[in-house]
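Dropping entry.txt in here (compact mmCIF, C-alpha atoms):
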```txt
# COMPACT_ATOMS: atom_id res chain seq x y z
CA MET R 1 17.29 -24.52 -21.44
CA LEU R 2 20.48 -23.15 -22.96
CA PRO R 3 23.18 -22.30 -20.37
CA TRP R 4 23.26 -18.63 -21.32
CA LYS R 5 19.53 -18.40 -20.81
CA ARG R 6 19.89 -19.86 -17.34
CA LEU R 7 22.43 -17.18 -16.52
CA LEU R 8 20.18 -14.44 -17.83
CA ARG R 9 17.17 -15.40 -15.73
CA PRO R 10 18.46 -14.06 -12.39
CA LEU R 11 19.85 -10.98 -14.10
CA ALA R 12 16.45 -10.39 -15.65
CA ALA R 13 14.93 -10.70 -12.20
CA LEU R 14 17.19 -7.94 -10.89
CA LEU R 15 16.29 -5.76 -13.85
CA LEU R 16 12.62 -6.44 -13.16
CA THR R 17 13.12 -5.29 -9.59
CA ALA R 18 14.65 -2.07 -10.85
CA THR R 19 11.92 -1.63 -13.44
CA VAL R 20 9.23 -2.04 -10.84
CA ALA R 21 10.94 0.70 -8.90
CA VAL R 22 11.02 3.06 -11.86
CA VAL R 23 7.31 2.90 -12.65
CA PRO R 24 6.13 4.31 -9.32
CA ALA R 25 9.27 6.40 -8.91
CA ALA R 26 7.38 9.44 -10.09
CA THR R 27 5.31 9.08 -6.94
CA ALA R 28 8.38 9.01 -4.72
CA ALA R 29 8.66 12.78 -4.99
CA GLN R 30 5.05 12.89 -3.84
CA ALA R 31 5.60 10.75 -0.77
CA ALA R 32 3.59 13.31 1.16
CA ASP R 33 0.53 11.66 -0.38
CA ALA R 34 1.11 8.66 1.88
CA PRO R 35 -0.07 10.30 5.12
CA SER R 36 -3.44 11.06 3.55
CA ARG R 37 -4.01 7.31 3.45
CA GLY R 38 -2.79 6.80 7.00
CA TRP R 39 0.64 5.64 5.84
CA ASN R 40 3.55 7.53 7.47
CA ASP R 41 1.04 9.52 9.48
CA TYR R 42 2.98 10.55 12.58
CA SER R 43 -0.21 11.53 14.35
CA CYS R 44 -1.39 7.91 14.18
CA LYS R 45 -1.85 6.31 17.58
CA PRO R 46 -1.87 2.50 17.78
CA SER R 47 -5.20 0.95 18.72
CA ALA R 48 -5.84 -1.46 21.56
CA ALA R 49 -6.30 -4.21 18.98
CA HIS R 50 -2.99 -3.41 17.26
CA PRO R 51 -0.85 -1.66 19.87
CA ARG R 52 2.42 -1.69 17.96
CA PRO R 53 3.27 0.44 14.90
CA VAL R 54 4.54 -1.44 11.87
CA VAL R 55 7.77 -0.34 10.20
CA LEU R 56 8.19 -1.52 6.61
CA VAL R 57 11.75 -2.08 5.40
CA HIS R 58 12.22 -2.07 1.62
CA GLY R 59 14.56 -4.28 -0.39
CA THR R 60 17.61 -3.70 -2.57
CA PHE R 61 17.07 -1.30 -5.50
CA ALA R 62 13.73 -0.23 -3.97
CA ASN R 63 12.59 2.66 -1.81
CA SER R 64 10.11 3.50 0.91
CA VAL R 65 7.27 4.10 -1.55
CA ASP R 66 7.49 1.65 -4.44
CA ASN R 67 8.03 -1.47 -2.33
CA TRP R 68 4.91 -0.84 -0.27
CA LEU R 69 2.25 0.49 -2.62
CA ALA R 70 0.14 -2.61 -1.92
CA LEU R 71 1.13 -3.88 1.53
CA ALA R 72 1.05 -0.52 3.33
CA PRO R 73 -2.60 0.20 2.44
CA TYR R 74 -3.44 -3.46 3.15
CA LEU R 75 -2.19 -3.09 6.73
CA GLU R 76 -3.48 0.45 7.21
CA SER R 77 -6.99 -0.67 6.24
CA ARG R 78 -6.71 -3.24 9.04
CA ASP R 79 -6.15 -0.50 11.62
CA TYR R 80 -2.35 -0.55 11.86
CA CYS R 81 -0.16 2.51 12.13
CA VAL R 82 2.21 1.96 9.22
CA PHE R 83 5.53 3.62 8.51
CA SER R 84 8.31 3.25 5.94
CA PHE R 85 11.67 4.90 5.32
CA ASP R 86 14.59 4.97 2.90
CA TYR R 87 17.96 3.46 3.78
CA GLY R 88 21.23 2.49 2.12
CA GLN R 89 21.38 5.48 -0.21
CA LEU R 90 24.45 6.00 -2.38
CA SER R 91 25.59 9.48 -3.33
CA GLY R 92 24.33 10.42 -6.78
CA VAL R 93 21.94 7.45 -7.01
CA PRO R 94 18.34 8.62 -6.52
CA LEU R 95 15.33 6.36 -5.88
CA PHE R 96 17.29 3.08 -5.94
CA HIS R 97 18.29 2.41 -2.35
CA GLY R 98 19.50 -0.46 -0.18
CA LEU R 99 22.94 -0.34 -1.82
CA GLY R 100 25.04 1.01 1.06
CA PRO R 101 26.81 -1.11 3.72
CA ILE R 102 24.16 -3.11 5.53
CA ASP R 103 25.54 -2.41 9.00
CA LYS R 104 25.18 1.32 8.30
CA SER R 105 21.67 0.76 6.97
CA ALA R 106 20.84 -0.95 10.27
CA GLU R 107 21.89 2.23 12.06
CA GLN R 108 19.40 4.14 9.92
CA LEU R 109 16.72 1.65 10.93
CA LYS R 110 17.60 2.18 14.59
CA THR R 111 17.14 5.94 14.22
CA PHE R 112 13.85 5.52 12.39
CA VAL R 113 12.39 3.06 14.89
CA ASP R 114 13.20 5.49 17.70
CA LYS R 115 11.43 8.25 15.74
CA VAL R 116 8.32 6.10 15.25
CA LEU R 117 8.18 4.99 18.88
CA THR R 118 8.53 8.57 20.07
CA ALA R 119 5.75 9.76 17.75
CA THR R 120 3.32 6.95 18.56
CA GLY R 121 4.11 6.51 22.23
CA ALA R 122 4.39 2.76 21.76
CA PRO R 123 7.07 0.80 23.67
CA GLU R 124 7.71 -1.64 20.81
CA THR R 125 7.29 -1.94 17.07
CA ASP R 126 6.91 -4.76 14.57
CA LEU R 127 9.14 -4.89 11.49
CA VAL R 128 8.18 -6.24 8.06
CA GLY R 129 10.89 -6.38 5.42
CA HIS R 130 11.21 -7.59 1.83
CA SER R 131 14.44 -9.20 0.61
CA GLN R 132 17.36 -7.26 2.13
CA GLY R 133 14.70 -5.57 4.23
CA GLY R 134 14.12 -8.88 6.00
CA LEU R 135 17.83 -9.47 6.52
CA MET R 136 19.13 -6.06 7.56
CA PRO R 137 16.91 -5.69 10.67
CA ARG R 138 18.55 -8.78 12.15
CA TYR R 139 21.76 -6.77 12.51
CA TYR R 140 19.81 -4.08 14.34
CA LEU R 141 18.27 -6.68 16.64
CA LYS R 142 21.56 -8.43 17.37
CA PHE R 143 24.10 -5.62 17.61
CA LEU R 144 22.30 -2.27 17.99
CA GLY R 145 19.87 -2.92 20.84
CA GLY R 146 16.86 -3.47 18.63
CA ALA R 147 15.64 -6.55 20.50
CA ALA R 148 14.42 -4.33 23.33
CA LYS R 149 12.27 -2.30 20.94
CA VAL R 150 10.97 -4.93 18.51
CA ASN R 151 8.29 -7.52 19.17
CA ALA R 152 8.37 -9.32 15.80
CA LEU R 153 10.30 -9.40 12.54
CA VAL R 154 8.53 -10.67 9.42
CA GLY R 155 10.87 -11.34 6.51
CA ILE R 156 9.38 -11.67 3.02
CA ALA R 157 11.90 -13.54 0.85
CA PRO R 158 14.82 -12.44 3.05
CA ASP R 159 18.37 -13.50 2.17
CA ASN R 160 19.15 -14.48 5.73
CA HIS R 161 22.13 -16.65 4.78
CA GLY R 162 23.03 -14.82 1.61
CA THR R 163 22.34 -15.73 -1.98
CA THR R 164 24.10 -17.46 -4.84
CA LEU R 165 21.82 -15.57 -7.28
CA SER R 166 20.96 -18.85 -9.02
CA GLY R 167 24.65 -19.74 -9.00
CA LEU R 168 26.01 -16.53 -10.51
CA THR R 169 27.95 -15.55 -7.40
CA ASN R 170 29.89 -18.79 -7.69
CA LEU R 171 31.48 -17.32 -10.81
CA LEU R 172 32.97 -14.29 -9.03
CA PRO R 173 36.36 -15.98 -8.38
CA TYR R 174 36.74 -16.43 -12.14
CA PHE R 175 36.40 -12.69 -12.79
CA PRO R 176 39.20 -10.96 -10.87
CA GLY R 177 38.28 -7.53 -9.65
CA VAL R 178 34.52 -7.93 -9.88
CA GLY R 179 34.14 -8.78 -6.20
CA ASP R 180 36.27 -5.79 -5.21
CA PHE R 181 34.24 -3.58 -7.54
CA LEU R 182 31.00 -4.65 -5.84
CA THR R 183 32.44 -4.13 -2.38
CA THR R 184 33.69 -0.65 -3.25
CA ASN R 185 30.79 0.63 -5.30
CA THR R 186 27.75 -1.30 -4.04
CA PRO R 187 28.67 -2.71 -0.63
CA GLY R 188 25.03 -3.56 0.08
CA LEU R 189 25.16 -6.09 -2.76
CA ALA R 190 28.51 -7.53 -1.72
CA ASP R 191 27.26 -8.00 1.85
CA GLN R 192 24.48 -10.27 0.58
CA VAL R 193 26.70 -12.74 -1.26
CA VAL R 194 27.00 -16.14 0.44
CA GLY R 195 30.08 -16.23 2.65
CA SER R 196 30.50 -12.45 2.98
CA ALA R 197 32.17 -11.05 6.08
CA PHE R 198 28.91 -9.32 6.97
CA LEU R 199 26.89 -12.56 6.90
CA THR R 200 29.57 -14.45 8.80
CA LYS R 201 29.39 -11.91 11.61
CA LEU R 202 25.60 -11.74 11.57
CA ASN R 203 24.95 -15.48 11.73
CA GLU R 204 27.78 -16.45 14.07
CA GLY R 205 26.36 -17.76 17.31
CA GLY R 206 22.84 -18.31 15.98
CA ASP R 207 20.24 -16.76 13.72
CA THR R 208 18.01 -15.19 16.35
CA VAL R 209 18.05 -13.20 19.57
CA PRO R 210 15.83 -13.87 22.60
CA GLY R 211 12.57 -12.01 22.97
CA VAL R 212 11.82 -11.44 19.28
CA LYS R 213 9.35 -13.46 17.22
CA TYR R 214 10.57 -14.27 13.71
CA THR R 215 8.50 -15.20 10.66
CA VAL R 216 10.01 -16.00 7.26
CA LEU R 217 7.84 -16.17 4.14
CA ALA R 218 9.49 -17.84 1.15
CA THR R 219 8.48 -18.97 -2.32
CA GLN R 220 9.99 -21.93 -4.10
CA TYR R 221 10.06 -19.86 -7.29
CA ASP R 222 12.49 -17.31 -5.85
CA GLU R 223 15.20 -16.74 -8.45
CA VAL R 224 17.04 -13.97 -6.60
CA VAL R 225 17.58 -15.45 -3.12
CA THR R 226 18.81 -18.94 -3.84
CA PRO R 227 18.56 -21.62 -2.72
CA TYR R 228 15.21 -20.53 -1.38
CA ARG R 229 15.42 -22.65 1.76
CA SER R 230 18.48 -20.66 2.81
CA GLN R 231 16.01 -17.93 3.71
CA PHE R 232 14.69 -19.94 6.66
CA LEU R 233 15.96 -19.25 10.16
CA SER R 234 16.82 -21.62 12.99
CA GLY R 235 16.20 -20.91 16.63
CA SER R 236 13.49 -20.28 19.17
CA GLY R 237 10.55 -18.10 18.23
CA VAL R 238 10.89 -18.88 14.51
CA HIS R 239 8.04 -19.64 12.11
CA ASN R 240 9.23 -20.57 8.61
CA VAL R 241 6.56 -20.60 5.89
CA LEU R 242 6.73 -21.81 2.30
CA LEU R 243 3.84 -20.18 0.45
CA GLN R 244 3.31 -23.19 -1.79
CA ASP R 245 2.52 -25.26 1.31
CA LEU R 246 -0.40 -22.89 1.88
CA CYS R 247 -1.44 -22.50 -1.75
CA PRO R 248 0.17 -24.74 -4.40
CA LEU R 249 -1.19 -22.39 -7.06
CA ASP R 250 0.85 -19.43 -5.81
CA LEU R 251 3.47 -18.79 -8.52
CA SER R 252 4.96 -15.64 -7.02
CA GLU R 253 8.71 -15.20 -7.41
CA HIS R 254 11.02 -12.87 -5.52
CA VAL R 255 9.55 -9.56 -6.65
CA ALA R 256 5.86 -10.51 -6.66
CA ILE R 257 5.86 -12.00 -3.16
CA GLY R 258 6.71 -8.61 -1.70
CA LEU R 259 4.88 -6.30 -4.06
CA PHE R 260 1.40 -7.70 -4.54
CA ASP R 261 0.98 -11.29 -3.29
CA ARG R 262 -2.05 -11.11 -1.00
CA ILE R 263 -1.49 -14.69 0.14
CA ALA R 264 1.83 -13.52 1.55
CA PHE R 265 0.11 -10.40 2.91
CA HIS R 266 -2.40 -12.59 4.77
CA GLU R 267 0.48 -14.42 6.43
CA VAL R 268 2.05 -11.08 7.34
CA ALA R 269 -1.19 -10.10 9.06
CA ASN R 270 -1.24 -13.44 10.89
CA ALA R 271 2.31 -12.91 12.10
CA LEU R 272 1.50 -9.41 13.35
CA ASP R 273 -1.61 -10.56 15.21
CA PRO R 274 -1.23 -14.30 15.93
CA ALA R 275 -4.03 -14.26 18.51
CA HIS R 276 -6.52 -13.61 15.69
CA ALA R 277 -4.78 -15.52 12.90
CA THR R 278 -6.92 -17.31 10.33
CA ALA R 279 -5.90 -20.06 7.93
CA THR R 280 -4.08 -18.87 4.84
CA THR R 281 -5.28 -20.59 1.67
CA CYS R 282 -5.51 -19.80 -2.03
CA ALA R 283 -8.72 -17.94 -1.22
CA SER R 284 -6.65 -15.47 0.80
CA ALA R 285 -5.70 -13.89 -2.52
CA LEU R 286 -9.20 -12.42 -2.52
CA SER R 287 -9.30 -11.33 1.10
```

What do you get writing this file as structure tokens?
Amino acid sequence: MLPWKRLLRPLAALLLTATVAVVPAATAAQAADAPSRGWNDYSCKPSAAHPRPVVLVHGTFANSVDNWLALAPYLESRDYCVFSFDYGQLSGVPLFHGLGPIDKSAEQLKTFVDKVLTATGAPETDLVGHSQGGLMPRYYLKFLGGAAKVNALVGIAPDNHGTTLSGLTNLLPYFPGVGDFLTTNTPGLADQVVGSAFLTKLNEGGDTVPGVKYTVLATQYDEVVTPYRSQFLSGSGVHNVLLQDLCPLDLSEHVAIGLFDRIAFHEVANALDPAHATATTCASALS
């Protein structure tokens, strides 16, 4: 492959993420439709089988609707109380969220979790996040008291140790001013670059905190969070999963694994209810 084509692939992936957001964006203004399906229904009371509400945390460039058009109904149909919210908004940038400073986004998560727990009466919640949505909650757990209110965190293609974006971030030193531009204008992006001050603080002293169960779902075809194994966590209570170990035919990349990969969804369900987990195989795509 020509070098310029290799450079364009991760950029195309980011554009695809944004494009995916635009298509359902017209529904974002109609987010009130979600409660009619049991999604973001604040009258929902967790069942004895699934006693914890699930909070879905979207990724960069996404929002509380578009990222979860498939997974939210999947979980709701399995008798979960499901909630989602927007975070990391920049002034003057509608619909495309997750761009603000990640530590501030974690404060928004803290506020939303408290709102959900108050509404449902549950003592704890489970968090499921895609991309940055799998990374950002770790700040909440570690620094904002979230460990006392969260039973499990499931990260779908999370950039837990940052990303090189298929090597593109390694070029930043050769373009003076670009790094400063990202930090100033899109701090949420800058925070996710390998070696950022945010990631150094987050991962210092270990990846996890006691009392929380962690699951990481990764795909070897991820072109946004690279290298893909950097997504995996170390520590107690961690379950790292490579989807291709479960189904070699799964070709999902970074966007697909969070938006419509039912093999990944099956593993999410297993992580939320490990006592009733069933084997995830290629056939799970039809479950």

Wanna dump the segment 244-267 of chain R-segment 132-141 of chain R contacts at 12 Å for me, each residue with its shortest atom pair and the distance in Å to one decimal, counting all atoms listed in the file, ordered by chain and number, as a tab-separated table?
```
residue	atom	partner	partner_atom	distance
R:His254	CA	R:Gln132	CA	11.4
R:Val255	CA	R:Gln132	CA	12.0
R:Gly258	CA	R:Gly133	CA	10.4
```

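Closest approach to Gln220 of chain R among R:Val57, R:Leu242, R:Leu202, R:Ile263 is made by R:Leu242 (distances from all atoms listed in the file).
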
**OP:** Just the residues within 12 Å of Asn151 of chain R, please, counting all atoms listed in the file, with nothing from its chain fewer than 6 positions along; format it as a PyMOL selection string.
**Re:** chain R and resi 51-55+122-128+141+209-215+237+271-273

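With distances taken over all atoms listed in the file, R:Thr120 is the one residue among R:Ser234, R:Thr120, R:Ser252, R:Ser91 lying closest to Asn40 of chain R.
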
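One finds atom CA of Ala256 of chain R at 21.1 Å from atom CA of Trp39 of chain R.
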
Subject >> From R:Cys44, R:Leu246, R:Ala72, R:Ala275, residue lying nearest Leu259 of chain R [all atoms listed in the file] >> reply: R:Ala72

Segment 214-223 of chain R: axis-aligned bounding box, 3 Å on each side, centre and edge lengths in Å, one decimal, as AutoDock Vina command-line options:
```
--center_x 11.5 --center_y -18.1 --center_z 2.6 --size_x 13.4 --size_y 13.7 --size_z 28.2
```

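Straight-line separation from atom CA of Val224 of chain R to atom CA of Trp68 of chain R: 19.0 Å.
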
Subject >> All residues 9 Å or closer to Phe112 of chain R, only C-alpha atoms, same chain fewer than 4 positions away omitted, as number ranges by chain >> reply: R: 55, 84-85, 107-108, 116-117

Print the selection's residues with C-alpha atoms to a file, as a compact mmCIF listing (two decimals), keeping the file's coordinate frame.
```
# COMPACT_ATOMS: atom_id res chain seq x y z
CA VAL R 55 7.77 -0.34 10.20
CA SER R 84 8.31 3.25 5.94
CA PHE R 85 11.67 4.90 5.32
CA GLU R 107 21.89 2.23 12.06
CA GLN R 108 19.40 4.14 9.92
CA VAL R 116 8.32 6.10 15.25
CA LEU R 117 8.18 4.99 18.88
```

Subject >> Length of the atom CA of Ala119 of chain R to atom CA of Ser43 of chain R vector [Å] >> reply: 7.1 Å

Original post:
Which is closer to Ala283 of chain R than all the others in R:Asp250, R:Val268, R:Thr60, R:Lys115, using all atoms listed in the file?
Top reply: R:Asp250

Original post:
Nearest to Phe198 of chain R: which of R:Ser284, R:Glu253, R:Gly98, R:His161 is it, counting all atoms listed in the file?
Top reply: R:His161

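Closest approach to Glu267 of chain R from the set R:Leu217, R:Leu90, R:Cys282, R:Leu56 is made by R:Leu217, with distances taken over all atoms listed in the file.
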
Closest-contact table, segment 97-163 of chain R side, partner segment 184-194 of chain R, 7 Å, counting all atoms listed in the file, as JSON lines:
```
{"residue": "R:Gly98", "atom": "CA", "partner": "R:Gly188", "partner_atom": "CA", "distance": 6.3}
{"residue": "R:Leu99", "atom": "CA", "partner": "R:Gly188", "partner_atom": "CA", "distance": 4.3}
{"residue": "R:Gly100", "atom": "CA", "partner": "R:Gly188", "partner_atom": "CA", "distance": 4.7}
{"residue": "R:Pro101", "atom": "CA", "partner": "R:Gly188", "partner_atom": "CA", "distance": 4.7}
{"residue": "R:Ile102", "atom": "CA", "partner": "R:Gly188", "partner_atom": "CA", "distance": 5.5}
{"residue": "R:His161", "atom": "CA", "partner": "R:Val194", "partner_atom": "CA", "distance": 6.5}
{"residue": "R:Gly162", "atom": "CA", "partner": "R:Val194", "partner_atom": "CA", "distance": 4.3}
{"residue": "R:Thr163", "atom": "CA", "partner": "R:Val194", "partner_atom": "CA", "distance": 5.3}
```

Show me that you can extract segment 38-65 of chain R, keeping C-alpha atoms, and write it as a compact mmCIF listing (two decimals), in the first residue's frame.
```
# COMPACT_ATOMS: atom_id res chain seq x y z
CA GLY R 38 -37.60 1.93 27.84
CA TRP R 39 -34.35 3.77 27.14
CA ASN R 40 -33.77 6.79 29.42
CA ASP R 41 -37.02 6.01 31.18
CA TYR R 42 -36.54 7.49 34.65
CA SER R 43 -39.53 5.59 35.96
CA CYS R 44 -37.72 2.30 35.22
CA LYS R 45 -37.03 0.24 38.32
CA PRO R 46 -34.30 -2.43 38.11
CA SER R 47 -35.53 -6.01 38.33
CA ALA R 48 -34.35 -8.65 40.76
CA ALA R 49 -32.58 -10.36 37.86
CA HIS R 50 -30.80 -7.17 36.81
CA PRO R 51 -30.68 -4.96 39.90
CA ARG R 52 -28.32 -2.32 38.56
CA PRO R 53 -29.15 0.32 35.93
CA VAL R 54 -26.79 0.50 32.97
CA VAL R 55 -25.28 3.84 31.97
CA LEU R 56 -24.00 4.01 28.39
CA VAL R 57 -21.08 6.37 27.74
CA HIS R 58 -20.61 7.43 24.11
CA GLY R 59 -17.32 7.93 22.30
CA THR R 60 -15.54 10.89 20.72
CA PHE R 61 -17.52 12.72 18.01
CA ALA R 62 -20.67 10.81 19.06
CA ASN R 63 -23.63 11.58 21.30
CA SER R 64 -26.06 9.89 23.65
CA VAL R 65 -28.36 8.78 20.82
```
